[in-house]
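Participant: Sharing entry24.cif below, mmCIF, C-alpha atoms, pLDDT in the B column; chains and numbers go by the auth columns:
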```cif
data_model
#
loop_
_atom_site.group_PDB
_atom_site.id
_atom_site.type_symbol
_atom_site.label_atom_id
_atom_site.label_comp_id
_atom_site.label_asym_id
_atom_site.label_seq_id
_atom_site.Cartn_x
_atom_site.Cartn_y
_atom_site.Cartn_z
_atom_site.B_iso_or_equiv
_atom_site.auth_seq_id
_atom_site.auth_asym_id
ATOM 1 C CA MET A 1 0.000 0.000 0.000 63.00 1 W
ATOM 2 C CA SER A 2 1.062 3.608 -0.481 77.00 2 W
ATOM 3 C CA GLY A 3 0.486 6.791 1.489 93.00 3 W
ATOM 4 C CA PRO A 4 1.153 7.712 5.103 98.00 4 W
ATOM 5 C CA VAL A 5 1.168 5.090 7.852 98.00 5 W
ATOM 6 C CA THR A 6 1.158 5.261 11.634 98.00 6 W
ATOM 7 C CA LEU A 7 3.161 2.942 13.851 98.00 7 W
ATOM 8 C CA ILE A 8 1.374 2.462 17.166 98.00 8 W
ATOM 9 C CA ASN A 9 3.389 0.710 19.847 97.00 9 W
ATOM 10 C CA ALA A 10 1.816 0.067 23.256 96.00 10 W
ATOM 11 C CA PHE A 11 4.235 -0.769 26.065 97.00 11 W
ATOM 12 C CA ASN A 12 3.584 -2.506 29.369 97.00 12 W
ATOM 13 C CA VAL A 13 5.985 -0.902 31.836 97.00 13 W
ATOM 14 C CA PRO A 14 6.215 -1.315 35.640 97.00 14 W
ATOM 15 C CA GLN A 15 5.587 2.037 37.355 96.00 15 W
ATOM 16 C CA ALA A 16 9.000 2.022 39.065 96.00 16 W
ATOM 17 C CA GLU A 17 10.789 1.614 35.715 97.00 17 W
ATOM 18 C CA SER A 18 9.060 4.507 33.967 97.00 18 W
ATOM 19 C CA GLU A 19 11.995 6.951 34.026 97.00 19 W
ATOM 20 C CA ARG A 20 14.448 4.331 32.796 97.00 20 W
ATOM 21 C CA PHE A 21 12.033 3.396 30.040 97.00 21 W
ATOM 22 C CA LEU A 22 11.755 7.054 28.998 97.00 22 W
ATOM 23 C CA LEU A 23 15.538 7.308 28.630 96.00 23 W
ATOM 24 C CA ARG A 24 15.788 4.140 26.552 96.00 24 W
ATOM 25 C CA TRP A 25 12.789 5.039 24.434 97.00 25 W
ATOM 26 C CA THR A 26 14.167 8.510 23.718 97.00 26 W
ATOM 27 C CA GLU A 27 17.510 7.089 22.602 95.00 27 W
ATOM 28 C CA ASN A 28 15.617 4.776 20.304 95.00 28 W
ATOM 29 C CA ALA A 29 13.229 7.389 18.924 96.00 29 W
ATOM 30 C CA GLN A 30 16.013 9.859 18.209 97.00 30 W
ATOM 31 C CA LEU A 31 17.472 7.363 15.764 96.00 31 W
ATOM 32 C CA MET A 32 14.105 7.243 13.986 96.00 32 W
ATOM 33 C CA ALA A 33 13.794 11.038 13.905 97.00 33 W
ATOM 34 C CA GLY A 34 16.842 11.221 11.632 95.00 34 W
ATOM 35 C CA GLN A 35 15.457 8.837 9.019 97.00 35 W
ATOM 36 C CA PRO A 36 13.773 9.755 5.711 97.00 36 W
ATOM 37 C CA GLY A 37 9.991 9.668 5.879 98.00 37 W
ATOM 38 C CA PHE A 38 9.735 10.309 9.613 98.00 38 W
ATOM 39 C CA VAL A 39 6.919 12.794 10.289 98.00 39 W
ATOM 40 C CA ARG A 40 6.361 12.823 14.054 98.00 40 W
ATOM 41 C CA ALA A 41 6.417 10.604 17.121 98.00 41 W
ATOM 42 C CA ARG A 42 4.413 11.228 20.254 98.00 42 W
ATOM 43 C CA LEU A 43 4.982 9.134 23.355 98.00 43 W
ATOM 44 C CA HIS A 44 1.865 9.083 25.547 98.00 44 W
ATOM 45 C CA ARG A 45 2.027 8.323 29.256 98.00 45 W
ATOM 46 C CA SER A 46 -1.047 6.965 31.045 97.00 46 W
ATOM 47 C CA LEU A 47 -2.612 8.977 33.856 96.00 47 W
ATOM 48 C CA GLY A 48 -3.799 5.698 35.416 93.00 48 W
ATOM 49 C CA ALA A 49 -2.024 3.225 37.662 90.00 49 W
ATOM 50 C CA ASP A 50 -2.001 0.154 35.395 92.00 50 W
ATOM 51 C CA ASP A 51 1.300 -1.197 34.127 92.00 51 W
ATOM 52 C CA ALA A 52 -0.488 -2.468 31.013 92.00 52 W
ATOM 53 C CA LEU A 53 -0.341 0.013 28.125 94.00 53 W
ATOM 54 C CA ARG A 54 1.328 2.569 30.395 97.00 54 W
ATOM 55 C CA PHE A 55 3.136 4.139 27.418 98.00 55 W
ATOM 56 C CA VAL A 56 1.863 4.368 23.844 98.00 56 W
ATOM 57 C CA ASN A 57 3.973 5.638 20.972 98.00 57 W
ATOM 58 C CA VAL A 58 2.065 7.030 17.983 98.00 58 W
ATOM 59 C CA ALA A 59 4.559 7.628 15.158 98.00 59 W
ATOM 60 C CA GLU A 60 3.618 8.960 11.744 98.00 60 W
ATOM 61 C CA TRP A 61 5.597 8.090 8.619 98.00 61 W
ATOM 62 C CA ASP A 62 5.305 9.181 5.007 98.00 62 W
ATOM 63 C CA SER A 63 5.154 5.575 3.793 98.00 63 W
ATOM 64 C CA GLU A 64 5.292 1.950 4.887 97.00 64 W
ATOM 65 C CA ARG A 65 8.461 1.546 2.789 97.00 65 W
ATOM 66 C CA GLU A 66 10.349 4.289 4.640 98.00 66 W
ATOM 67 C CA LEU A 67 9.223 2.928 8.018 98.00 67 W
ATOM 68 C CA ALA A 68 10.429 -0.555 7.045 97.00 68 W
ATOM 69 C CA ASP A 69 13.780 0.855 5.865 98.00 69 W
ATOM 70 C CA ALA A 70 14.218 2.721 9.162 97.00 70 W
ATOM 71 C CA GLN A 71 13.420 -0.440 11.132 97.00 71 W
ATOM 72 C CA ALA A 72 16.090 -2.304 9.166 97.00 72 W
ATOM 73 C CA ASP A 73 18.803 0.141 10.273 97.00 73 W
ATOM 74 C CA PRO A 74 21.446 -1.726 12.324 97.00 74 W
ATOM 75 C CA ASP A 75 21.923 1.144 14.813 96.00 75 W
ATOM 76 C CA TRP A 76 18.207 1.241 15.517 96.00 76 W
ATOM 77 C CA ARG A 77 18.008 -2.534 15.905 96.00 77 W
ATOM 78 C CA ALA A 78 20.905 -2.453 18.368 96.00 78 W
ATOM 79 C CA SER A 79 19.092 0.254 20.341 95.00 79 W
ATOM 80 C CA VAL A 80 15.917 -1.863 20.512 95.00 80 W
ATOM 81 C CA GLN A 81 17.997 -4.778 21.744 95.00 81 W
ATOM 82 C CA ARG A 82 19.516 -2.622 24.487 94.00 82 W
ATOM 83 C CA MET A 83 16.020 -1.749 25.695 94.00 83 W
ATOM 84 C CA PHE A 84 14.786 -5.326 25.823 94.00 84 W
ATOM 85 C CA GLN A 85 18.014 -6.721 27.265 95.00 85 W
ATOM 86 C CA ASP A 86 18.360 -4.030 29.944 96.00 86 W
ATOM 87 C CA PRO A 87 18.204 -5.980 33.241 96.00 87 W
ATOM 88 C CA GLY A 88 16.567 -2.947 34.887 95.00 88 W
ATOM 89 C CA LEU A 89 13.639 -2.955 32.440 97.00 89 W
ATOM 90 C CA HIS A 90 10.770 -5.425 32.196 96.00 90 W
ATOM 91 C CA VAL A 91 8.936 -4.125 29.190 96.00 91 W
ATOM 92 C CA THR A 92 6.674 -5.803 26.685 95.00 92 W
ATOM 93 C CA ALA A 93 5.747 -4.085 23.429 95.00 93 W
ATOM 94 C CA HIS A 94 2.740 -4.463 21.110 93.00 94 W
ATOM 95 C CA PRO A 95 3.647 -2.731 17.850 95.00 95 W
ATOM 96 C CA ALA A 96 1.510 -2.663 14.713 97.00 96 W
ATOM 97 C CA VAL A 97 1.273 -0.506 11.590 98.00 97 W
ATOM 98 C CA TYR A 98 -1.948 1.365 10.871 98.00 98 W
ATOM 99 C CA GLN A 99 -3.637 3.663 8.402 97.00 99 W
ATOM 100 C CA VAL A 100 -5.907 6.484 9.491 97.00 100 W
ATOM 101 C CA ALA A 101 -9.375 5.120 8.649 97.00 101 W
ATOM 102 C CA LEU A 102 -11.372 8.119 9.868 96.00 102 W
ATOM 103 C CA GLN A 103 -10.662 11.540 11.299 97.00 103 W
ATOM 104 C CA LEU A 104 -13.244 13.635 13.122 97.00 104 W
ATOM 105 C CA ASN A 105 -12.841 17.321 13.855 97.00 105 W
ATOM 106 C CA PRO A 106 -14.975 19.515 16.132 97.00 106 W
ATOM 107 C CA GLY A 107 -18.486 19.787 14.765 94.00 107 W
ATOM 108 C CA ASP A 108 -18.306 16.566 12.687 95.00 108 W
ATOM 109 C CA THR A 109 -21.549 15.421 14.219 93.00 109 W
ATOM 110 C CA GLY A 110 -22.969 13.644 11.201 85.00 110 W
ATOM 111 C CA MET B 1 -4.189 17.578 36.360 63.00 1 V
ATOM 112 C CA SER B 2 -4.735 20.355 33.837 77.00 2 V
ATOM 113 C CA GLY B 3 -3.856 20.741 30.178 93.00 3 V
ATOM 114 C CA PRO B 4 -4.628 18.621 27.119 98.00 4 V
ATOM 115 C CA VAL B 5 -5.175 14.872 27.392 98.00 5 V
ATOM 116 C CA THR B 6 -5.392 12.070 24.864 98.00 6 V
ATOM 117 C CA LEU B 7 -7.834 9.203 25.099 98.00 7 V
ATOM 118 C CA ILE B 8 -6.357 6.106 23.479 98.00 8 V
ATOM 119 C CA ASN B 9 -8.743 3.227 22.987 97.00 9 V
ATOM 120 C CA ALA B 10 -7.510 -0.013 21.418 96.00 10 V
ATOM 121 C CA PHE B 11 -10.202 -2.366 20.114 97.00 11 V
ATOM 122 C CA ASN B 12 -10.012 -6.076 19.400 97.00 12 V
ATOM 123 C CA VAL B 13 -12.326 -6.649 16.426 97.00 13 V
ATOM 124 C CA PRO B 14 -12.847 -9.792 14.312 97.00 14 V
ATOM 125 C CA GLN B 15 -11.890 -9.105 10.690 96.00 15 V
ATOM 126 C CA ALA B 16 -15.360 -9.963 9.394 96.00 16 V
ATOM 127 C CA GLU B 17 -16.980 -7.407 11.710 97.00 17 V
ATOM 128 C CA SER B 18 -14.764 -4.486 10.706 97.00 18 V
ATOM 129 C CA GLU B 19 -17.325 -2.603 8.616 97.00 19 V
ATOM 130 C CA ARG B 20 -20.043 -2.956 11.240 97.00 20 V
ATOM 131 C CA PHE B 21 -17.607 -1.745 13.873 97.00 21 V
ATOM 132 C CA LEU B 22 -16.753 1.309 11.744 97.00 22 V
ATOM 133 C CA LEU B 23 -20.440 2.262 11.531 96.00 23 V
ATOM 134 C CA ARG B 24 -20.967 1.914 15.277 96.00 24 V
ATOM 135 C CA TRP B 25 -17.752 3.695 16.129 97.00 25 V
ATOM 136 C CA THR B 26 -18.581 6.613 13.830 96.00 26 V
ATOM 137 C CA GLU B 27 -22.023 7.043 15.409 95.00 27 V
ATOM 138 C CA ASN B 28 -20.317 7.095 18.782 95.00 28 V
ATOM 139 C CA ALA B 29 -17.508 9.460 17.802 96.00 29 V
ATOM 140 C CA GLN B 30 -19.878 11.955 16.170 96.00 30 V
ATOM 141 C CA LEU B 31 -21.504 12.463 19.565 96.00 31 V
ATOM 142 C CA MET B 32 -18.082 13.289 20.993 96.00 32 V
ATOM 143 C CA ALA B 33 -17.232 15.676 18.147 97.00 33 V
ATOM 144 C CA GLY B 34 -20.070 17.957 19.232 95.00 34 V
ATOM 145 C CA GLN B 35 -18.872 18.297 22.830 97.00 35 V
ATOM 146 C CA PRO B 36 -16.861 21.191 24.334 97.00 36 V
ATOM 147 C CA GLY B 37 -13.143 20.475 24.548 98.00 37 V
ATOM 148 C CA PHE B 38 -13.047 17.963 21.697 98.00 38 V
ATOM 149 C CA VAL B 39 -9.958 18.603 19.545 98.00 39 V
ATOM 150 C CA ARG B 40 -9.645 15.652 17.155 98.00 40 V
ATOM 151 C CA ALA B 41 -10.206 11.923 16.900 98.00 41 V
ATOM 152 C CA ARG B 42 -8.347 9.619 14.562 98.00 42 V
ATOM 153 C CA LEU B 43 -9.396 6.020 14.176 98.00 43 V
ATOM 154 C CA HIS B 44 -6.482 3.874 13.010 98.00 44 V
ATOM 155 C CA ARG B 45 -6.970 0.563 11.230 98.00 45 V
ATOM 156 C CA SER B 46 -4.260 -2.073 11.348 97.00 46 V
ATOM 157 C CA LEU B 47 -2.599 -3.207 8.121 96.00 47 V
ATOM 158 C CA GLY B 48 -1.996 -6.614 9.715 93.00 48 V
ATOM 159 C CA ALA B 49 -4.223 -9.661 10.068 90.00 49 V
ATOM 160 C CA ASP B 50 -4.509 -9.823 13.872 92.00 50 V
ATOM 161 C CA ASP B 51 -7.888 -9.231 15.510 92.00 51 V
ATOM 162 C CA ALA B 52 -6.077 -7.864 18.593 92.00 52 V
ATOM 163 C CA LEU B 53 -5.693 -4.079 18.507 94.00 53 V
ATOM 164 C CA ARG B 54 -7.161 -4.013 14.979 97.00 54 V
ATOM 165 C CA PHE B 55 -8.537 -0.487 15.543 98.00 55 V
ATOM 166 C CA VAL B 56 -7.008 2.224 17.730 98.00 56 V
ATOM 167 C CA ASN B 57 -8.734 5.519 18.436 98.00 57 V
ATOM 168 C CA VAL B 58 -6.464 8.423 19.388 98.00 58 V
ATOM 169 C CA ALA B 59 -8.658 11.318 20.561 98.00 59 V
ATOM 170 C CA GLU B 60 -7.320 14.654 21.778 98.00 60 V
ATOM 171 C CA TRP B 61 -9.203 16.778 24.311 98.00 61 V
ATOM 172 C CA ASP B 62 -8.519 20.192 25.788 98.00 62 V
ATOM 173 C CA SER B 63 -8.789 18.850 29.343 98.00 63 V
ATOM 174 C CA GLU B 64 -9.498 15.771 31.428 97.00 64 V
ATOM 175 C CA ARG B 65 -12.552 17.563 32.860 97.00 65 V
ATOM 176 C CA GLU B 66 -14.152 18.107 29.447 98.00 66 V
ATOM 177 C CA LEU B 67 -13.453 14.509 28.424 98.00 67 V
ATOM 178 C CA ALA B 68 -15.067 13.253 31.640 97.00 68 V
ATOM 179 C CA ASP B 69 -18.098 15.495 31.088 98.00 69 V
ATOM 180 C CA ALA B 70 -18.489 14.194 27.534 97.00 70 V
ATOM 181 C CA GLN B 71 -18.266 10.592 28.758 97.00 71 V
ATOM 182 C CA ALA B 72 -21.039 11.307 31.262 97.00 72 V
ATOM 183 C CA ASP B 73 -23.443 12.356 28.497 97.00 73 V
ATOM 184 C CA PRO B 74 -26.453 9.967 28.456 97.00 74 V
ATOM 185 C CA ASP B 75 -26.686 9.907 24.633 96.00 75 V
ATOM 186 C CA TRP B 76 -23.050 8.917 24.363 96.00 76 V
ATOM 187 C CA ARG B 77 -23.394 6.234 27.031 96.00 77 V
ATOM 188 C CA ALA B 78 -26.401 4.794 25.201 96.00 78 V
ATOM 189 C CA SER B 79 -24.355 4.726 21.995 95.00 79 V
ATOM 190 C CA VAL B 80 -21.521 2.839 23.725 95.00 80 V
ATOM 191 C CA GLN B 81 -24.045 0.353 25.041 95.00 81 V
ATOM 192 C CA ARG B 82 -25.434 -0.214 21.533 94.00 82 V
ATOM 193 C CA MET B 83 -21.935 -1.081 20.328 94.00 83 V
ATOM 194 C CA PHE B 84 -21.220 -3.569 23.088 94.00 84 V
ATOM 195 C CA GLN B 85 -24.691 -5.110 23.025 95.00 85 V
ATOM 196 C CA ASP B 86 -24.845 -5.438 19.236 96.00 86 V
ATOM 197 C CA PRO B 87 -25.168 -9.217 18.642 96.00 87 V
ATOM 198 C CA GLY B 88 -23.250 -8.810 15.384 95.00 88 V
ATOM 199 C CA LEU B 89 -20.200 -7.337 17.129 97.00 89 V
ATOM 200 C CA HIS B 90 -17.695 -9.096 19.375 96.00 90 V
ATOM 201 C CA VAL B 91 -15.512 -6.223 20.407 96.00 91 V
ATOM 202 C CA THR B 92 -13.336 -5.636 23.446 95.00 92 V
ATOM 203 C CA ALA B 93 -11.972 -2.202 24.256 95.00 93 V
ATOM 204 C CA HIS B 94 -8.902 -1.071 26.206 94.00 94 V
ATOM 205 C CA PRO B 95 -9.354 2.642 26.890 95.00 95 V
ATOM 206 C CA ALA B 96 -7.036 4.810 28.967 97.00 96 V
ATOM 207 C CA VAL B 97 -6.294 8.519 29.307 98.00 97 V
ATOM 208 C CA TYR B 98 -2.817 9.815 28.536 98.00 98 V
ATOM 209 C CA GLN B 99 -0.672 12.903 28.461 97.00 99 V
ATOM 210 C CA VAL B 100 1.899 13.516 25.743 97.00 100 V
ATOM 211 C CA ALA B 101 5.191 12.824 27.545 97.00 101 V
ATOM 212 C CA LEU B 102 7.485 13.490 24.602 97.00 102 V
ATOM 213 C CA GLN B 103 7.174 14.601 21.013 97.00 103 V
ATOM 214 C CA LEU B 104 9.888 14.159 18.409 97.00 104 V
ATOM 215 C CA ASN B 105 9.960 15.958 15.090 97.00 105 V
ATOM 216 C CA PRO B 106 12.218 15.282 12.089 97.00 106 V
ATOM 217 C CA GLY B 107 15.834 16.015 12.976 94.00 107 V
ATOM 218 C CA ASP B 108 15.350 15.649 16.760 95.00 108 V
ATOM 219 C CA THR B 109 18.281 13.294 16.876 93.00 109 V
ATOM 220 C CA GLY B 110 19.664 14.285 20.263 85.00 110 V
#
```
Represent the structure from my file as structure tokens, please.

Facilitator:
Amino acid sequence: MSGPVTLINAFNVPQAESERFLLRWTENAQLMAGQPGFVRARLHRSLGADDALRFVNVAEWDSERELADAQADPDWRASVQRMFQDPGLHVTAHPAVYQVALQLNPGDTG
Amino acid sequence: MSGPVTLINAFNVPQAESERFLLRWTENAQLMAGQPGFVRARLHRSLGADDALRFVNVAEWDSERELADAQADPDWRASVQRMFQDPGLHVTAHPAVYQVALQLNPGDTG
């Protein structure tokens, strides 16, 4: 498929490991921000107490091809490995690639 | 807390029920789009085959208070009930309220 895509990655993160996760995630995301086709990444932090889905990254890319190329970059892959092999982090990730199916703006009441 | 919040709601939806889900979700979201504090909602559809997290709604609001008020609206609550009681839909939802912790733009490489 062509056109913009959105990577959504939901992370389960223990409360006590949140700051360490933020550091690792930032290192990782900065590598993405230098790649062609990167539009924007927003890391969302839950206001609730649950570890499940505590952080959600919503990252927009110009195309699925450019996202796939960025994910093939050896530096980025090494950074992902550092996150998941960090003994101080117990994180699980649920990434998937999406298209925007619908957008509603204020007043779009049908 | 004050300031903007983002409701992220991840839905598990069987592939065959996707179009019916889209209709129900749109009815529901249109009620939100008429409420004070609503900024934008984007419904994302997965490019993959998994039922889990097939649709993800990312909805921005001016404040947690306005989001809570909108969720207390009887018409909206009735619409949610119609979605979950629809015998043709087997949907589970994982909603939570978030703040944007970090945003990266192109070139934010540290």

Participant: Would you list which chain V residues are within 9 Å of chain W using all atoms listed in the file, as JSON, numbers by chain?

Facilitator: {"V": [6, 8, 22, 26, 27, 29, 30, 31, 32, 33, 34, 35, 36, 37, 38, 39, 40, 41, 42, 43, 44, 45, 46, 47, 48, 53, 54, 55, 56, 58, 94, 96, 97, 98, 99, 100, 101, 102, 103, 104, 105, 106, 107, 108, 109, 110]}

Participant: Taking the file as shown, what set of residues would the PyMOL selection byres ((chain V and resi 76-93) around 6) give back, as JSON, numbers by chain?

Facilitator: {"V": [10, 11, 12, 13, 24, 28, 73, 74, 75, 94]}

Participant: Report as a PDB file with C-alpha atoms, in the coordinates of the input the full result of the PyMOL selection byres ((chain W and resi 62) around 6) when it is applied to this structure.

Facilitator:
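Saved the output as part27.pdb:
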```pdb
ATOM      1  CA  PRO W   4       1.153   7.712   5.103  1.00 98.00           C
ATOM      2  CA  GLY W  37       9.991   9.668   5.879  1.00 98.00           C
ATOM      3  CA  TRP W  61       5.597   8.090   8.619  1.00 98.00           C
ATOM      4  CA  SER W  63       5.154   5.575   3.793  1.00 98.00           C
TER       5      SER W  63
END
```

Participant: Using atom CA of Ser18 of chain V and atom CA of Ala72 of chain V as the two end points, give the distance in Å to one decimal.

Facilitator: 26.7 Å

Participant: In Å, rounded to a single decimal, give me how far atom CA of Gly3 of chain V is from atom CA of Gln15 of chain W.

Facilitator: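 So the two atoms, atom CA of Gln15 of chain W and atom CA of Gly3 of chain V, lie 22.1 Å apart.
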
Participant: Report the distance between atom CA of Phe21 of chain W and atom CA of Ala68 of chain W in Å, rounded to one decimal place.

Facilitator: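 Computed distance, atom CA of Phe21 of chain W to atom CA of Ala68 of chain W, equals 23.4 Å.
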
Participant: Measuring between only C-alpha atoms, which one of V:Glu66, V:Ser2, V:Pro14, V:Asn9 shows the shortest distance to Ala49 of chain V?

Facilitator: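 When distances to Ala49 of chain V are compared using only C-alpha atoms, the smallest one comes from V:Pro14.
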
Participant: Would you give the centre and edge lengths, in Å to one decimal, of a box along x, y and z around the listed atoms of segment 88-91 of chain V, with 5 Å added to each side, as AutoDock Vina command-line options?

Facilitator:
```
--center_x -19.4 --center_y -7.7 --center_z 17.9 --size_x 17.7 --size_y 12.9 --size_z 15.0
```

Participant: Please reconstruct the missing atoms of segment 14-32 of chain W (target: N, CA and C atoms) and return them as a compact mmCIF listing (two decimals), keeping the file's coordinate frame.

Facilitator:
```
# COMPACT_ATOMS: atom_id res chain seq x y z
N PRO W 14 6.42 -1.49 34.20
CA PRO W 14 6.22 -1.32 35.64
C PRO W 14 6.41 0.15 36.03
N GLN W 15 5.55 0.63 36.90
CA GLN W 15 5.59 2.04 37.35
C GLN W 15 7.01 2.47 37.73
N ALA W 16 7.69 1.64 38.52
CA ALA W 16 9.00 2.02 39.06
C ALA W 16 10.07 2.13 37.99
N GLU W 17 9.79 1.60 36.80
CA GLU W 17 10.79 1.61 35.72
C GLU W 17 10.48 2.68 34.67
N SER W 18 9.53 3.55 34.97
CA SER W 18 9.06 4.51 33.97
C SER W 18 10.17 5.44 33.50
N GLU W 19 10.97 5.98 34.43
CA GLU W 19 12.00 6.95 34.03
C GLU W 19 13.08 6.28 33.19
N ARG W 20 13.45 5.06 33.57
CA ARG W 20 14.45 4.33 32.80
C ARG W 20 13.92 4.01 31.40
N PHE W 21 12.65 3.65 31.35
CA PHE W 21 12.03 3.40 30.04
C PHE W 21 12.09 4.65 29.17
N LEU W 22 11.76 5.80 29.76
CA LEU W 22 11.76 7.05 29.00
C LEU W 22 13.13 7.34 28.39
N LEU W 23 14.18 7.09 29.14
CA LEU W 23 15.54 7.31 28.63
C LEU W 23 15.82 6.40 27.44
N ARG W 24 15.52 5.11 27.62
CA ARG W 24 15.79 4.14 26.55
C ARG W 24 14.94 4.44 25.32
N TRP W 25 13.68 4.77 25.57
CA TRP W 25 12.79 5.04 24.43
C TRP W 25 13.28 6.26 23.65
N THR W 26 13.72 7.28 24.38
CA THR W 26 14.17 8.51 23.72
C THR W 26 15.39 8.24 22.85
N GLU W 27 16.33 7.47 23.38
CA GLU W 27 17.51 7.09 22.60
C GLU W 27 17.09 6.42 21.30
N ASN W 28 16.12 5.53 21.44
CA ASN W 28 15.62 4.78 20.30
C ASN W 28 14.90 5.67 19.29
N ALA W 29 14.04 6.54 19.81
CA ALA W 29 13.23 7.39 18.92
C ALA W 29 14.08 8.43 18.21
N GLN W 30 15.14 8.87 18.85
CA GLN W 30 16.01 9.86 18.21
C GLN W 30 16.67 9.29 16.96
N LEU W 31 16.92 7.99 16.97
CA LEU W 31 17.47 7.36 15.76
C LEU W 31 16.44 7.39 14.64
N MET W 32 15.17 7.20 14.99
CA MET W 32 14.10 7.24 13.99
C MET W 32 13.92 8.66 13.43
```
